[in-house]
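Since the structure comes first, as structure tokens, the remarks are kept for the end.
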There are 2 protein chains.
Amino acid sequence: MARSAQKTRASASGNAITADLVAVLVAVSDGVPDIMTIAGGSALPSGPFEFTHRSLQTALRAWVEAQTGHPLGYVEQLYTFADRGRSGDSKAPHSISISYLGLTREDKVGEGFEAHWHGWYEYFPWEDHRAGAPAFLAKAVAPKLRAWAKSAPSPTLQRERWQRCAITFGLDDRDWNEELVLQRYELLYEAGLIPEAGRDNGRDAPIVPGKPMTADHRRILATGIARLRAKIKYRPVVFELMPSEFTLLQLQRSVEALAGRLVHKQNFRRLIEQQELVEETGAIATDTVGRPAKLFRFRHAVLAERAVAGTKLPLSRT
Amino acid sequence: MARSAQKTRASASGNAITADLVAVLVAVSDGVPDIMTIAGGSALPSGPFEFTHRSLQTALRAWVEAQTGHPLGYVEQLYTFADRGRSGDSKAPHSISISYLGLTREDKVGEGFEAHWHGWYEYFPWEDHRAGAPAFLAKAVAPKLRAWAKSAPSPTLQRERWQRCAITFGLDDRDWNEELVLQRYELLYEAGLIPEAGRDNGRDAPIVPGKPMTADHRRILATGIARLRAKIKYRPVVFELMPSEFTLLQLQRSVEALAGRLVHKQNFRRLIEQQELVEETGAIATDTVGRPAKLFRFRHAVLAERAVAGTKLPLSRT
DNA sequence: CATCTTATGCTCAAGGAGAGTATAAATGGC
DNA sequence: GCCATTTATACTCTCCTTGAGCATAAGATG
């Protein structure tokens, strides 16, 4: 007992570090998924964790509200990062980043805050496949990835690298998997195709379009997008992003905005309705082109069940 | 810009805290899912994080090997906890717990280590439904939960509480959902039915069977079990727990041990085989009752694909 | 050889998912 | 008012998956 138990208790001694909380705060407006940013769009809202707060979430909420004037609604933890060499500024004191995903209805940012919504595809243009795969993927990215794969030391490694590229980016006739946001980002990083990679290892030439961010914030954002894309398929979280009343098409557009791909309209409605997630308000959409649509509201009553039992969204092509 | 940017940068200043790494290390032997423990089975392997390590995972591996003599294989991060009032000893310096799930083939613990494998159902007896729902659930737990629900201030709250109980524990003819491990633990905690709750709020009478653990280690364990139960259904992680050669029944028993419920044998085989996750070794199981079974090995070749494309396991009744 | 136990092959029915057709209800231009 | 256009909504059809059960094979044991 002696040895291990003592080591366990050693946690009470020194070894102080600092921990930052980082928020990926998402909203959707008119088919654009937005994230809250500070510092001119180059960083996510964040701040140090202190034990004056009761919990991590409490601390996060306080920080985000202070920085953006925007209250947090739905929140879930994403991941805790601490790798060295990813900080951008390697002389800075080491710190852990505890990241969270938050969902809100979009709102104007209050006066006096240097916080802005930015479309997340500004940071990940290769992730938007609603109008088909972006042309620059095949034209520019794929060849660079192939070159990177070829640059591996052995033929076996070359093949493995290329297989990885093909799977994550849906090349060689594979399907595009919209959930692999983080894997794609990490791959581009490894291949040195984004500015963040150069910062850390001295390489140059950002080759792939897309706005970079401070430190590893873009990686955290990728983690958040991936989580959200996975989650909307089996939990009714989209509704956190919707106004209180909406048409089924608006709901569909929001899902498509998040997923970065289109959905079969009729099947989408079938699924939503048969799961009894929504109910008609009785009202009908005004200000509309074409036949006006019924307005729906989310049935909060099902939350207890569905939050646990699950939900399904159809996510296919066309 | 001034205001928010300064706040962000404040992270570089003081606010030091400590962070512990905690491991849920899982193995399976003969239909028993085991976890590695220290301190006589009352704690999970853990230790402080220091920045001398390159990453969180590196630090975790070092700690676990030092405490248990057991090297870590597959590892994934679980969750970062920091709620106050869950520490068991509220005068201890506050600390963050970063928890990980590790999978390994079971092995003897080396000499000189106070580490032991314990079946995880010792800590969560209500989670094992392989022989049907444990009798004490309906006989003892359900009435206590109903009493707790009734003790809510308003009729609405009473109904909500009971609905929550019924959903998470599969009462009132609902299906048992084996993934809700954490929710069930939290519910029992809230209802004051487990010793850990008494430690924190002065209540008494542990009423539900199951071994408690130090601090919030049992909560972390619940998180790990829940994650693993969810994950085996769509990622080929079970194989991390299997010996290099195994029969399909052994594989099935391992899945059942983890899921805590039985599986339809023929359908299980159908799924495993059609996904090409395994291949015959050519050998045949000896030391067997009944017709001898073919031995299989995991096809590592599919890892790259399946790690991403997903896998399916049938988890039903009977 | 009868019986027990496990392995393995096959069939069937119900439900779900992907995709397409058809019709309804608005708007704007002429 | 009529037509083209746009969106909403109702159905249908087919294929695949999943849950479940039946039947047979191949060993061990007494």
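So you can find residues: chains in the structure tokens are A, B, ... in the order shown, residues in each start at 1, and ligands are numbered from 1 in order.
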* To do: Would you please extract all helix (DSSP H, G or I) residues from stretch 49-203 of chain A, as assigned by DSSP on the backbone, and give them as a PyMOL selection string?
  => chain A and resi 56-68+120-122+125-127+135-150+155-169+181-190+195-201
* Find the residues near B:Ala135: any atom within 12 Å, counting only C-alpha atoms (C1' of nucleotides), skip ones fewer than 5 places away on the same chain, and give them as a list in words. =>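 Contacts, in chain order: Pro125, Trp126, Glu127, Asp128, His129, Ala140, Val141, Ala142 and Pro209 of chain B.
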Selection file, C-alpha atoms, as an mmCIF file, in the first residue's frame:
```cif
data_model
loop_
_atom_site.group_PDB
_atom_site.id
_atom_site.type_symbol
_atom_site.label_atom_id
_atom_site.label_comp_id
_atom_site.auth_asym_id
_atom_site.auth_seq_id
_atom_site.Cartn_x
_atom_site.Cartn_y
_atom_site.Cartn_z
ATOM 1 C CA PRO B 125 -24.198 -4.199 -8.926
ATOM 2 C CA TRP B 126 -27.331 -2.692 -10.435
ATOM 3 C CA GLU B 127 -25.616 -2.443 -13.802
ATOM 4 C CA ASP B 128 -25.376 -6.159 -14.487
ATOM 5 C CA HIS B 129 -28.492 -7.314 -16.314
ATOM 6 C CA ALA B 140 -35.263 -2.248 -2.773
ATOM 7 C CA VAL B 141 -34.145 0.511 -5.067
ATOM 8 C CA ALA B 142 -37.348 1.353 -6.903
ATOM 9 C CA PRO B 209 -25.559 -2.249 -2.449
#
```
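Atom CA of B:Glu280 sits 27.4 Å away from atom CA of B:Leu72.
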For chain D, which residues have at least one atom within 8 Å of chain A, if we go by only C-alpha atoms (C1' of nucleotides)? Write them as a JSON list (two decimals) with N, CA, C and O atoms (P, O5', C5', C4', C3', O3' and C1' of nucleotides), in the first residue's frame, please.
```json
[["chain", "number", "residue", "atom", "x", "y", "z"],
["D", 6, "DT", "P", -38.20, 29.60, -59.52],
["D", 6, "DT", "O5'", -38.78, 29.45, -58.06],
["D", 6, "DT", "C5'", -39.28, 30.60, -57.38],
["D", 6, "DT", "C4'", -39.96, 30.16, -56.11],
["D", 6, "DT", "C3'", -39.25, 29.00, -55.41],
["D", 6, "DT", "O3'", -38.98, 29.33, -54.07],
["D", 6, "DT", "C1'", -41.57, 28.55, -55.65],
["D", 7, "DT", "P", -37.99, 28.36, -53.23],
["D", 7, "DT", "O5'", -39.00, 27.75, -52.18],
["D", 7, "DT", "C5'", -39.79, 28.64, -51.38],
["D", 7, "DT", "C4'", -40.96, 27.90, -50.83],
["D", 7, "DT", "C3'", -40.59, 26.66, -50.01],
["D", 7, "DT", "O3'", -41.22, 26.75, -48.74],
["D", 7, "DT", "C1'", -42.29, 26.17, -51.57],
["D", 8, "DA", "P", -41.14, 25.56, -47.70],
["D", 8, "DA", "O5'", -42.57, 24.90, -47.88],
["D", 8, "DA", "C5'", -43.72, 25.72, -47.73],
["D", 8, "DA", "C4'", -44.95, 24.85, -47.58],
["D", 8, "DA", "C3'", -44.82, 23.71, -46.59],
["D", 8, "DA", "O3'", -46.06, 23.59, -45.93],
["D", 8, "DA", "C1'", -45.25, 22.83, -48.74]]
```
Could you make a table, as a Markdown table, of the residues of chain C that have an atom within 6 Å of an atom of chain B, each with its nearest atom pair and distance in Å to one decimal, counting only C-alpha atoms (C1' of nucleotides), in chain and number order?
```
| residue | atom | partner | partner_atom | distance |
| --- | --- | --- | --- | --- |
| C:DT5 | C1' | B:Gly290 | CA | 4.3 |
| C:DT6 | C1' | B:Gly290 | CA | 4.4 |
| C:DA7 | C1' | B:Arg291 | CA | 5.9 |
```
* **Pairwise distance for atom C1' of D:DG27 and atom CA of B:Thr286, rounded to one decimal in Å** => 10.3 Å
* **Counting only C-alpha atoms, the option among B:Arg297, B:Arg218, B:Arg306, B:Arg61 closest to chain A** =>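 Under the stated criterion, the closest residue is B:Arg306.
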* Neighbours of stretch 29-34 of chain A within 10 Å (only C-alpha atoms (C1' of nucleotides); same-chain residues fewer than 4 positions away dropped), as a list in words? -> Val24, Leu25, Arg105, Glu106, Asp107, His116, Trp117, His118, Gly119, Trp120, Tyr121, Glu122, Ile225, Leu241, Met242, Pro243, Gln250, Leu251, Gln252, Arg253, Ser254, Val255, Glu256, Ala257, Leu258, Ala259 and Gly260 of chain A
* Might you pull out every residue within 7 Å of A:Tyr100, with only C-alpha atoms (C1' of nucleotides) counted and same-chain residues fewer than 2 positions away left off, and present them as a PyMOL selection string? => chain A and resi 22-24+75-78+98+102
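Candidate residues B:Glu179, B:Glu196, B:Glu65, B:Glu50 were compared for distance to chain A, and the nearest is B:Glu50, using only C-alpha atoms.
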Contacts of A:Leu56 within 12 Å, only C-alpha atoms (C1' of nucleotides), excl. fewer than 5 positions in-chain, as a compact mmCIF listing (two decimals) with C-alpha atoms, in the first residue's frame:
```txt
# COMPACT_ATOMS: atom_id res chain seq x y z
CA ALA A 19 -6.13 26.25 -16.44
CA ASP A 20 -7.96 28.23 -19.09
CA LEU A 21 -11.56 27.82 -20.03
CA VAL A 22 -12.32 28.18 -23.72
CA ALA A 23 -15.78 28.38 -25.24
CA GLY A 47 -10.28 33.07 -19.41
CA PRO A 48 -8.49 31.51 -16.47
CA PHE A 49 -10.23 29.15 -14.11
CA GLU A 50 -10.11 30.07 -10.45
CA PHE A 51 -11.47 28.20 -7.50
CA ARG A 61 -20.41 31.23 -17.94
CA ALA A 62 -18.95 34.13 -16.01
CA TRP A 63 -16.11 34.56 -18.46
CA VAL A 75 -23.34 23.95 -22.42
CA GLU A 76 -21.32 20.77 -22.58
CA GLN A 77 -17.68 20.01 -22.02
CA THR A 80 -9.06 19.22 -22.12
CA SER A 97 -7.23 24.44 -21.82
CA ILE A 98 -10.59 23.07 -20.80
CA SER A 99 -12.95 23.64 -23.69
CA TYR A 100 -16.73 23.79 -23.82
CA TYR B 79 -13.96 14.15 -18.67
CA THR B 80 -12.55 16.91 -16.53
CA PHE B 81 -14.20 17.34 -13.15
CA ALA B 82 -13.85 20.19 -10.74
CA ASP B 83 -17.03 20.56 -8.77
CA ARG B 84 -16.49 21.59 -5.26
CA SER B 95 -7.97 20.31 -7.65
CA ILE B 96 -9.16 19.43 -11.10
CA SER B 97 -9.47 15.77 -12.07
```
* To do: Choose the residue, out of A:Ala152, A:Val64, A:Leu187, A:Ile35, that has the smallest atom-to-atom separation from chain B; count only C-alpha atoms.
  =>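 Among the listed residues, the smallest separation from chain B belongs to A:Val64.
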* **For atom C1' of C:DT21 and atom CA of A:Glu279, the interatomic separation in Å (one decimal)** =>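 Between atom C1' of C:DT21 and atom CA of A:Glu279 the gap is 27.1 Å.
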